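Structure file model.cif (mmCIF, C-alpha atoms) follows.
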data_query
loop_
_atom_site.group_PDB
_atom_site.id
_atom_site.type_symbol
_atom_site.label_atom_id
_atom_site.label_comp_id
_atom_site.auth_asym_id
_atom_site.auth_seq_id
_atom_site.Cartn_x
_atom_site.Cartn_y
_atom_site.Cartn_z
ATOM 1 C CA MET A 27 17.196 15.274 -29.815
ATOM 2 C CA PRO A 28 13.443 14.640 -29.494
ATOM 3 C CA PRO A 29 12.340 11.461 -27.687
ATOM 4 C CA THR A 30 11.721 8.374 -29.783
ATOM 5 C CA GLU A 31 8.297 6.804 -30.085
ATOM 6 C CA ALA A 32 9.354 4.096 -27.619
ATOM 7 C CA GLU A 33 10.503 6.695 -25.101
ATOM 8 C CA GLU A 34 7.262 8.652 -25.444
ATOM 9 C CA SER A 35 5.250 5.495 -24.782
ATOM 10 C CA VAL A 36 6.992 5.071 -21.422
ATOM 11 C CA SER A 37 7.007 8.659 -20.168
ATOM 12 C CA TYR A 38 4.491 11.478 -20.412
ATOM 13 C CA MET A 39 5.159 14.871 -18.830
ATOM 14 C CA GLY A 40 7.841 13.335 -16.660
ATOM 15 C CA ARG A 41 5.679 10.500 -15.290
ATOM 16 C CA HIS A 42 6.257 6.848 -16.146
ATOM 17 C CA ILE A 43 3.267 5.352 -17.964
ATOM 18 C CA GLY A 44 4.809 2.083 -19.185
ATOM 19 C CA PRO A 45 4.815 -1.343 -17.476
ATOM 20 C CA VAL A 46 5.590 -0.645 -13.826
ATOM 21 C CA CYS A 47 6.915 -4.164 -13.202
ATOM 22 C CA ARG A 48 9.968 -3.167 -15.245
ATOM 23 C CA LEU A 49 10.700 -0.520 -12.600
ATOM 24 C CA CYS A 50 10.820 -3.152 -9.854
ATOM 25 C CA ARG A 51 13.105 -5.315 -11.964
ATOM 26 C CA ARG A 52 15.336 -2.316 -12.645
ATOM 27 C CA GLU A 53 15.737 -1.681 -8.919
ATOM 28 C CA GLY A 54 16.064 -5.373 -8.099
ATOM 29 C CA GLU A 55 13.373 -5.353 -5.422
ATOM 30 C CA LYS A 56 9.640 -5.026 -4.893
ATOM 31 C CA LEU A 57 8.423 -1.431 -4.961
ATOM 32 C CA TYR A 58 4.788 -2.495 -4.464
ATOM 33 C CA LEU A 59 3.562 -0.450 -7.411
ATOM 34 C CA LYS A 60 0.680 -2.779 -8.331
ATOM 35 C CA GLY A 61 -0.914 -3.362 -4.952
ATOM 36 C CA TYR A 62 -2.128 -6.897 -4.236
ATOM 37 C CA ARG A 63 -0.423 -8.398 -7.296
ATOM 38 C CA CYS A 64 2.967 -7.642 -5.709
ATOM 39 C CA THR A 65 2.203 -10.111 -2.889
ATOM 40 C CA THR A 66 1.468 -13.024 -5.238
ATOM 41 C CA ASN A 67 3.629 -15.297 -7.385
ATOM 42 C CA LYS A 68 2.650 -13.152 -10.388
ATOM 43 C CA CYS A 69 5.054 -10.464 -9.173
ATOM 44 C CA ALA A 70 7.802 -9.792 -11.717
ATOM 45 C CA ILE A 71 10.494 -10.016 -9.036
ATOM 46 C CA GLU A 72 9.311 -13.506 -8.112
ATOM 47 C CA ARG A 73 9.266 -14.626 -11.737
ATOM 48 C CA ARG A 74 12.355 -12.915 -13.151
ATOM 49 C CA ASN A 75 14.513 -10.886 -10.801
ATOM 50 C CA VAL A 76 16.936 -9.446 -13.356
ATOM 51 C CA PRO A 77 17.088 -5.920 -14.817
ATOM 52 C CA PRO A 78 15.100 -5.462 -18.055
ATOM 53 C CA GLY A 79 16.899 -5.312 -21.402
ATOM 54 C CA GLN A 80 19.141 -7.658 -23.324
ATOM 55 C CA HIS A 81 22.151 -6.846 -21.143
ATOM 56 C CA GLY A 82 20.274 -6.971 -17.869
ATOM 57 C CA GLN A 83 22.197 -9.956 -16.496
ATOM 58 C CA THR A 84 25.655 -8.758 -17.533
ATOM 59 C CA ARG A 85 25.853 -5.220 -16.152
ATOM 60 C CA LYS A 86 29.054 -4.081 -14.489
ATOM 61 C CA LYS A 87 29.517 -3.167 -10.844
ATOM 62 C CA ALA A 88 27.854 0.157 -10.090
ATOM 63 C CA THR A 89 29.891 3.236 -9.208
ATOM 64 C CA ASP A 90 29.124 5.372 -6.134
ATOM 65 C CA TYR A 91 27.315 7.856 -8.364
ATOM 66 C CA ALA A 92 25.238 5.082 -9.923
ATOM 67 C CA LEU A 93 24.226 3.807 -6.483
ATOM 68 C CA GLN A 94 23.184 7.303 -5.426
ATOM 69 C CA LEU A 95 21.211 7.809 -8.633
ATOM 70 C CA ARG A 96 19.456 4.453 -8.301
ATOM 71 C CA GLU A 97 18.433 5.211 -4.713
ATOM 72 C CA LYS A 98 16.969 8.553 -5.781
ATOM 73 C CA GLN A 99 15.136 6.931 -8.690
ATOM 74 C CA LYS A 100 13.831 4.183 -6.416
ATOM 75 C CA ALA A 101 12.387 6.689 -3.947
ATOM 76 C CA LYS A 102 10.770 8.664 -6.787
ATOM 77 C CA ARG A 103 9.190 5.514 -8.185
ATOM 78 C CA ILE A 104 7.923 4.262 -4.832
ATOM 79 C CA TYR A 105 6.175 7.543 -4.053
ATOM 80 C CA GLY A 106 5.208 8.315 -7.658
ATOM 81 C CA THR A 107 6.722 11.798 -7.881
ATOM 82 C CA ARG A 108 8.175 13.677 -10.814
ATOM 83 C CA GLU A 109 11.766 14.892 -10.741
ATOM 84 C CA GLY A 110 10.771 18.506 -10.139
ATOM 85 C CA GLN A 111 8.456 17.574 -7.278
ATOM 86 C CA PHE A 112 11.116 15.382 -5.700
ATOM 87 C CA ARG A 113 13.781 18.072 -5.995
ATOM 88 C CA ASN A 114 11.451 20.663 -4.434
ATOM 89 C CA LEU A 115 10.810 18.366 -1.476
ATOM 90 C CA PHE A 116 14.559 17.846 -1.093
ATOM 91 C CA ASN A 117 15.118 21.614 -1.125
ATOM 92 C CA ASP A 118 12.468 21.974 1.593
ATOM 93 C CA ALA A 119 14.222 19.292 3.641
ATOM 94 C CA VAL A 120 17.595 21.019 3.265
ATOM 95 C CA THR A 121 16.302 24.368 4.503
ATOM 96 C CA LYS A 122 14.635 22.878 7.603
ATOM 97 C CA LYS A 123 16.784 23.645 10.632
ATOM 98 C CA GLY A 124 17.560 21.134 13.362
ATOM 99 C CA VAL A 125 16.595 18.009 11.420
ATOM 100 C CA ILE A 126 18.406 15.321 9.458
ATOM 101 C CA THR A 127 17.879 16.152 5.784
ATOM 102 C CA GLY A 128 17.344 12.606 4.533
ATOM 103 C CA GLU A 129 14.901 11.708 7.268
ATOM 104 C CA HIS A 130 12.942 14.912 6.795
ATOM 105 C CA LEU A 131 12.719 14.203 3.048
ATOM 106 C CA LEU A 132 11.117 10.826 3.759
ATOM 107 C CA GLN A 133 8.758 12.444 6.257
ATOM 108 C CA LEU A 134 7.609 14.936 3.609
ATOM 109 C CA LEU A 135 7.049 12.103 1.134
ATOM 110 C CA GLU A 136 5.054 10.146 3.714
ATOM 111 C CA ARG A 137 2.859 13.160 4.415
ATOM 112 C CA ARG A 138 1.720 13.489 0.799
ATOM 113 C CA LEU A 139 -2.041 13.006 0.619
ATOM 114 C CA ASP A 140 -1.852 10.157 -1.906
ATOM 115 C CA ASN A 141 0.575 8.282 0.355
ATOM 116 C CA VAL A 142 -1.631 8.881 3.419
ATOM 117 C CA VAL A 143 -4.666 7.473 1.587
ATOM 118 C CA TYR A 144 -2.575 4.425 0.655
ATOM 119 C CA ARG A 145 -1.189 4.006 4.185
ATOM 120 C CA LEU A 146 -4.725 4.135 5.600
ATOM 121 C CA GLY A 147 -5.693 1.225 3.341
ATOM 122 C CA MET A 148 -8.226 3.158 1.267
ATOM 123 C CA ALA A 149 -6.339 2.447 -1.981
ATOM 124 C CA ALA A 150 -4.584 -0.687 -3.200
ATOM 125 C CA SER A 151 -1.487 1.213 -4.333
ATOM 126 C CA ARG A 152 -0.079 4.719 -4.321
ATOM 127 C CA SER A 153 -0.890 5.111 -8.010
ATOM 128 C CA GLU A 154 -4.519 4.186 -7.334
ATOM 129 C CA ALA A 155 -4.563 6.597 -4.378
ATOM 130 C CA ARG A 156 -3.188 9.336 -6.623
ATOM 131 C CA GLN A 157 -5.963 8.741 -9.146
ATOM 132 C CA LEU A 158 -8.671 8.701 -6.476
ATOM 133 C CA VAL A 159 -7.419 11.972 -4.994
ATOM 134 C CA THR A 160 -7.243 13.578 -8.433
ATOM 135 C CA HIS A 161 -10.854 12.567 -9.060
ATOM 136 C CA ARG A 162 -11.933 14.382 -5.881
ATOM 137 C CA HIS A 163 -12.905 11.344 -3.820
ATOM 138 C CA PHE A 164 -11.262 12.598 -0.599
ATOM 139 C CA ARG A 165 -11.546 15.499 1.781
ATOM 140 C CA VAL A 166 -9.078 17.031 4.209
ATOM 141 C CA ASN A 167 -10.734 18.790 7.138
ATOM 142 C CA SER A 168 -14.076 18.636 5.279
ATOM 143 C CA GLN A 169 -12.629 20.365 2.178
ATOM 144 C CA ARG A 170 -12.263 18.496 -1.111
ATOM 145 C CA VAL A 171 -8.611 18.197 -2.104
ATOM 146 C CA ASN A 172 -7.662 16.955 -5.569
ATOM 147 C CA VAL A 173 -3.910 17.530 -5.316
ATOM 148 C CA PRO A 174 -2.049 14.256 -4.568
ATOM 149 C CA SER A 175 1.077 16.158 -3.466
ATOM 150 C CA TYR A 176 -0.833 18.060 -0.767
ATOM 151 C CA VAL A 177 1.171 17.690 2.465
ATOM 152 C CA VAL A 178 -0.911 16.957 5.546
ATOM 153 C CA LYS A 179 -0.058 18.151 9.062
ATOM 154 C CA THR A 180 -0.766 17.019 12.609
ATOM 155 C CA GLY A 181 -4.459 17.073 13.424
ATOM 156 C CA ASP A 182 -5.667 16.930 9.817
ATOM 157 C CA VAL A 183 -8.622 14.635 9.170
ATOM 158 C CA VAL A 184 -8.658 12.699 5.887
ATOM 159 C CA THR A 185 -11.992 11.171 4.865
ATOM 160 C CA ALA A 186 -13.530 9.611 1.809
ATOM 161 C CA ASP A 187 -16.193 11.905 0.389
ATOM 162 C CA GLU A 188 -19.692 10.821 1.418
ATOM 163 C CA SER A 189 -20.626 10.089 -2.199
ATOM 164 C CA SER A 190 -17.436 8.061 -2.706
ATOM 165 C CA LYS A 191 -17.536 5.731 0.303
ATOM 166 C CA THR A 192 -19.313 2.984 -1.614
ATOM 167 C CA ILE A 193 -17.282 3.042 -4.828
ATOM 168 C CA GLN A 194 -15.601 -0.233 -5.729
ATOM 169 C CA PRO A 195 -11.892 0.780 -5.564
ATOM 170 C CA ILE A 196 -12.163 2.133 -2.016
ATOM 171 C CA GLN A 197 -14.381 -0.666 -0.724
ATOM 172 C CA SER A 198 -12.189 -3.335 -2.324
ATOM 173 C CA ALA A 199 -9.012 -1.788 -0.914
ATOM 174 C CA VAL A 200 -10.430 -1.593 2.624
ATOM 175 C CA ARG A 201 -11.703 -5.195 2.502
ATOM 176 C CA SER A 202 -8.414 -6.626 1.209
ATOM 177 C CA PHE A 203 -6.091 -4.463 3.310
ATOM 178 C CA SER A 204 -3.861 -6.743 5.368
ATOM 179 C CA GLY A 205 -1.102 -4.330 6.326
ATOM 180 C CA ARG A 206 -0.546 -2.331 9.470
ATOM 181 C CA ILE A 207 -1.724 1.244 9.861
ATOM 182 C CA PRO A 208 1.375 3.297 10.811
ATOM 183 C CA SER A 209 1.370 4.481 14.425
ATOM 184 C CA TRP A 210 1.366 8.136 13.349
ATOM 185 C CA LEU A 211 -2.049 7.623 11.753
ATOM 186 C CA GLU A 212 -5.418 6.697 13.245
ATOM 187 C CA PHE A 213 -8.131 5.116 11.122
ATOM 188 C CA ASP A 214 -11.842 4.413 11.539
ATOM 189 C CA PRO A 215 -12.761 1.803 8.866
ATOM 190 C CA THR A 216 -16.484 2.276 9.511
ATOM 191 C CA GLU A 217 -16.420 5.987 8.753
ATOM 192 C CA LEU A 218 -13.464 5.736 6.338
ATOM 193 C CA LYS A 219 -11.795 8.480 8.318
ATOM 194 C CA GLY A 220 -8.129 8.910 9.110
ATOM 195 C CA VAL A 221 -6.471 11.336 11.510
ATOM 196 C CA ILE A 222 -2.859 12.535 11.429
ATOM 197 C CA ALA A 223 -2.061 11.850 15.080
ATOM 198 C CA ARG A 224 1.542 13.097 14.861
ATOM 199 C CA MET A 225 4.414 13.567 12.468
ATOM 200 C CA PRO A 226 6.068 10.315 11.316
ATOM 201 C CA ASN A 227 9.466 9.340 12.731
ATOM 202 C CA ARG A 228 12.055 7.476 10.706
ATOM 203 C CA GLU A 229 11.180 4.338 12.676
ATOM 204 C CA ASP A 230 7.599 4.625 11.439
ATOM 205 C CA ILE A 231 8.629 4.559 7.775
ATOM 206 C CA ASP A 232 9.136 1.048 6.418
ATOM 207 C CA THR A 233 10.148 2.192 2.933
ATOM 208 C CA GLN A 234 13.418 0.469 2.061
ATOM 209 C CA VAL A 235 15.357 3.556 1.001
ATOM 210 C CA GLN A 236 18.855 4.640 2.002
ATOM 211 C CA GLU A 237 18.089 8.335 2.249
ATOM 212 C CA GLN A 238 21.720 9.315 2.863
ATOM 213 C CA LEU A 239 22.578 8.222 -0.683
ATOM 214 C CA ILE A 240 19.914 10.609 -1.984
ATOM 215 C CA VAL A 241 21.422 13.451 0.040
ATOM 216 C CA GLU A 242 24.840 12.608 -1.388
ATOM 217 C CA TYR A 243 23.411 12.567 -4.925
ATOM 218 C CA TYR A 244 21.975 16.089 -4.651
ATOM 219 C CA SER A 245 25.065 17.337 -2.804
ATOM 220 C CA ARG A 246 27.483 16.494 -5.619
#
Turn the structure described in the file into structure tokens.
Amino acid sequence: MPPTEAEESVSYMGRHIGPVCRLCRREGEKLYLKGYRCTTNKCAIERRNVPPGQHGQTRKKATDYALQLREKQKAKRIYGTREGQFRNLFNDAVTKKGVITGEHLLQLLERRLDNVVYRLGMAASRSEARQLVTHRHFRVNSQRVNVPSYVVKTGDVVTADESSKTIQPIQSAVRSFSGRIPSWLEFDPTELKGVIARMPNREDIDTQVQEQLIVEYYSR
């Protein structure tokens, strides 16, 4: 059955394009999808922390499968990946020897270029970082990269393009950034240059995701 008009307005080519605050309400927690707004009293979770829909407050207790599915969906939404991209990263994590699959999956997600730009404070949100990367505003090792899913490695240098250092989104994000640069990254705010100092450990990743549930979901 083809998607309805309402469904098409929310999803395009597998990516959610509707109101992102509904995603936070669906997961019951802040996913920080709208940058600074998520830290104010305008946040949807602060105003109405119930799932969207007319039956949002009367849903039954979730099954184990539902919990696993929700955790996978939450991780996808936080990092802004499509299902195919997420599954490919999981397959990569499974085939890596000598590592814990769930932890390695999160490490791969953290090493995406759009996430690195966001973690360095050069974008207000991951979605904004994804757009900036797509529009060729960043370089990796002096080469323009316009693929948000590009996975960085130790020693890579991520910089804003010289012609992009003064654009409003990047300057505004750097000025308003109040978070903490993860210890696996180094950042020079004057040059707008970040360095991948090492691979992230699980302790470095503050994303509130139970990765074992995701492993269980794909292992069914």
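Near Tyr105 in chain A, within 8 Å and counting only C-alpha atoms, sit Leu135, Asn141 and Arg152 of chain A; same-chain residues fewer than 6 positions away were not included.
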Task: Between CA of Leu132 in chain A and CA of Gln197 in chain A - distance in Å to one decimal - done: 28.3 Å
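Every residue that the PyMOL selection byres ((chain A and resi 108-122) around 8) selects in this file is listed here: Gly40, Arg41, Lys102, Gly106, Thr107, Lys123, Gly124, Val125, Thr127, Gly128, His130, Leu131, Leu134 and Leu135 of chain A.
For the atom pair formed by CA of Ser175 in chain A and CA of Arg201 in chain A, the distance is 25.6 Å, given to one decimal.
For the atom pair formed by CA of Val241 in chain A and CA of Ala101 in chain A, the distance is 12.0 Å, given to one decimal.
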TODO: Would you list the contacts of Glu136 in chain A as JSON, numbers by chain, taking every protein, DNA or RNA residue within 12 Å and counting all atoms listed in the file, but skipping same-chain residues closer than 5 positions in sequence?
DONE: {"A": [101, 104, 105, 106, 107, 115, 129, 130, 131, 141, 142, 143, 144, 145, 146, 152, 174, 175, 176, 177, 178, 179, 208, 210, 211, 222, 225, 226, 227, 228, 230, 231, 232, 233]}
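When the PyMOL selection byres ((chain A and resi 216) around 12) is run on the displayed coordinates, the residues it returns are Met148, Thr185, Ala186, Lys191, Thr192, Gln197, Val200, Arg201, Phe213, Asp214, Pro215, Glu217, Leu218, Lys219 and Gly220 of chain A.
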Open item on the list: Since I can't run it myself right now, could you work out what the PyMOL selection byres ((chain A and resi 157) around 12) selects here and report it as a PyMOL selection string?
Closed with: chain A and resi 106+139-141+143-144+149-156+158-164+172-175+195-196
Task: Contacts of Arg165 in chain A within 6 Å, all atoms listed in the file, excl. fewer than 3 positions in-chain, as a ChimeraX atom specification - done: /A:168-171,184-185
With C-alpha atoms retained, export the selected residues as a PDB file, keeping the file's coordinate frame.
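Wrote it out as selection_28.pdb, contents follow:
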ATOM      1  CA  SER A 168     -14.076  18.636   5.279  1.00  0.00           C
ATOM      2  CA  GLN A 169     -12.629  20.365   2.178  1.00  0.00           C
ATOM      3  CA  ARG A 170     -12.263  18.496  -1.111  1.00  0.00           C
ATOM      4  CA  VAL A 171      -8.611  18.197  -2.104  1.00  0.00           C
ATOM      5  CA  VAL A 184      -8.658  12.699   5.887  1.00  0.00           C
ATOM      6  CA  THR A 185     -11.992  11.171   4.865  1.00  0.00           C
TER       7      THR A 185
END
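Among the candidate residues A:Lys87, A:Gly147, A:Gln99, A:Glu188, the one lying nearest to Arg206 in chain A is A:Gly147, with distances computed using all atoms listed in the file.
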- [ ] For each of A:Leu95, A:Ile126, A:Thr89, A:Ser198, take the minimum atom-to-atom distance to Tyr244 in chain A, counting all atoms listed in the file, then give the residue where this is smallest.
- [x] A:Leu95
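Using only C-alpha atoms, the contacts of Gln94 in chain A at a cut-off of 10 Å, with sequence neighbours closer than 6 positions omitted, comprise Ala88, Lys100, Gln236, Glu237, Gln238, Leu239, Ile240, Val241, Glu242, Tyr243 and Tyr244 of chain A.
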Could I get range 152-182 of chain A rebuilt with N, CA and C atoms, written as an mmCIF file, keeping the file's coordinate frame?
data_model
loop_
_atom_site.group_PDB
_atom_site.id
_atom_site.type_symbol
_atom_site.label_atom_id
_atom_site.label_comp_id
_atom_site.auth_asym_id
_atom_site.auth_seq_id
_atom_site.Cartn_x
_atom_site.Cartn_y
_atom_site.Cartn_z
ATOM 1 N N ARG A 152 -0.214 3.257 -4.311
ATOM 2 C CA ARG A 152 -0.079 4.719 -4.321
ATOM 3 C C ARG A 152 -0.588 5.304 -5.631
ATOM 4 N N SER A 153 -0.407 4.595 -6.728
ATOM 5 C CA SER A 153 -0.890 5.111 -8.010
ATOM 6 C C SER A 153 -2.412 5.166 -8.025
ATOM 7 N N GLU A 154 -3.060 4.152 -7.425
ATOM 8 C CA GLU A 154 -4.519 4.186 -7.334
ATOM 9 C C GLU A 154 -4.956 5.310 -6.411
ATOM 10 N N ALA A 155 -4.238 5.503 -5.295
ATOM 11 C CA ALA A 155 -4.563 6.597 -4.378
ATOM 12 C C ALA A 155 -4.438 7.939 -5.076
ATOM 13 N N ARG A 156 -3.408 8.081 -5.894
ATOM 14 C CA ARG A 156 -3.188 9.336 -6.623
ATOM 15 C C ARG A 156 -4.364 9.607 -7.560
ATOM 16 N N GLN A 157 -4.843 8.573 -8.222
ATOM 17 C CA GLN A 157 -5.963 8.741 -9.146
ATOM 18 C C GLN A 157 -7.245 9.087 -8.394
ATOM 19 N N LEU A 158 -7.472 8.434 -7.264
ATOM 20 C CA LEU A 158 -8.671 8.701 -6.476
ATOM 21 C C LEU A 158 -8.673 10.135 -5.937
ATOM 22 N N VAL A 159 -7.511 10.597 -5.488
ATOM 23 C CA VAL A 159 -7.419 11.972 -4.994
ATOM 24 C C VAL A 159 -7.674 12.957 -6.131
ATOM 25 N N THR A 160 -7.075 12.700 -7.277
ATOM 26 C CA THR A 160 -7.243 13.578 -8.433
ATOM 27 C C THR A 160 -8.707 13.683 -8.846
ATOM 28 N N HIS A 161 -9.439 12.590 -8.685
ATOM 29 C CA HIS A 161 -10.854 12.567 -9.060
ATOM 30 C C HIS A 161 -11.775 13.037 -7.936
ATOM 31 N N ARG A 162 -11.180 13.676 -6.925
ATOM 32 C CA ARG A 162 -11.933 14.382 -5.881
ATOM 33 C C ARG A 162 -12.751 13.451 -4.990
ATOM 34 N N HIS A 163 -12.197 12.290 -4.674
ATOM 35 C CA HIS A 163 -12.905 11.344 -3.820
ATOM 36 C C HIS A 163 -12.574 11.517 -2.337
ATOM 37 N N PHE A 164 -11.662 12.448 -2.004
ATOM 38 C CA PHE A 164 -11.262 12.598 -0.599
ATOM 39 C C PHE A 164 -11.327 14.051 -0.150
ATOM 40 N N ARG A 165 -11.515 14.186 1.146
ATOM 41 C CA ARG A 165 -11.546 15.499 1.781
ATOM 42 C C ARG A 165 -10.499 15.568 2.883
ATOM 43 N N VAL A 166 -9.973 16.761 3.087
ATOM 44 C CA VAL A 166 -9.078 17.031 4.209
ATOM 45 C C VAL A 166 -9.726 18.136 5.023
ATOM 46 N N ASN A 167 -10.045 17.821 6.270
ATOM 47 C CA ASN A 167 -10.734 18.790 7.138
ATOM 48 C C ASN A 167 -12.006 19.308 6.479
ATOM 49 N N SER A 168 -12.762 18.366 5.893
ATOM 50 C CA SER A 168 -14.076 18.636 5.279
ATOM 51 C C SER A 168 -13.995 19.351 3.930
ATOM 52 N N GLN A 169 -12.789 19.690 3.468
ATOM 53 C CA GLN A 169 -12.629 20.365 2.178
ATOM 54 C C GLN A 169 -12.112 19.375 1.128
ATOM 55 N N ARG A 170 -12.753 19.359 -0.033
ATOM 56 C CA ARG A 170 -12.263 18.496 -1.111
ATOM 57 C C ARG A 170 -10.847 18.920 -1.503
ATOM 58 N N VAL A 171 -9.977 17.938 -1.650
ATOM 59 C CA VAL A 171 -8.611 18.197 -2.104
ATOM 60 C C VAL A 171 -8.326 17.247 -3.258
ATOM 61 N N ASN A 172 -7.951 17.795 -4.400
ATOM 62 C CA ASN A 172 -7.662 16.955 -5.569
ATOM 63 C C ASN A 172 -6.198 17.066 -5.999
ATOM 64 N N VAL A 173 -5.341 17.405 -5.041
ATOM 65 C CA VAL A 173 -3.910 17.530 -5.316
ATOM 66 C C VAL A 173 -3.173 16.418 -4.561
ATOM 67 N N PRO A 174 -2.706 15.375 -5.249
ATOM 68 C CA PRO A 174 -2.049 14.256 -4.568
ATOM 69 C C PRO A 174 -0.825 14.661 -3.752
ATOM 70 N N SER A 175 -0.139 15.735 -4.160
ATOM 71 C CA SER A 175 1.077 16.158 -3.466
ATOM 72 C C SER A 175 0.799 17.021 -2.248
ATOM 73 N N TYR A 176 -0.466 17.267 -1.944
ATOM 74 C CA TYR A 176 -0.833 18.060 -0.767
ATOM 75 C C TYR A 176 -0.214 17.417 0.472
ATOM 76 N N VAL A 177 0.479 18.205 1.281
ATOM 77 C CA VAL A 177 1.171 17.690 2.465
ATOM 78 C C VAL A 177 0.310 17.933 3.704
ATOM 79 N N VAL A 178 -0.063 16.842 4.365
ATOM 80 C CA VAL A 178 -0.911 16.957 5.546
ATOM 81 C C VAL A 178 -0.067 17.338 6.761
ATOM 82 N N LYS A 179 -0.737 17.778 7.813
ATOM 83 C CA LYS A 179 -0.058 18.151 9.062
ATOM 84 C C LYS A 179 -0.789 17.529 10.245
ATOM 85 N N THR A 180 -0.181 17.606 11.404
ATOM 86 C CA THR A 180 -0.766 17.019 12.609
ATOM 87 C C THR A 180 -2.162 17.576 12.861
ATOM 88 N N GLY A 181 -3.087 16.672 13.142
ATOM 89 C CA GLY A 181 -4.459 17.073 13.424
ATOM 90 C C GLY A 181 -5.378 17.059 12.222
ATOM 91 N N ASP A 182 -4.830 16.977 11.014
ATOM 92 C CA ASP A 182 -5.667 16.930 9.817
ATOM 93 C C ASP A 182 -6.509 15.651 9.812
#
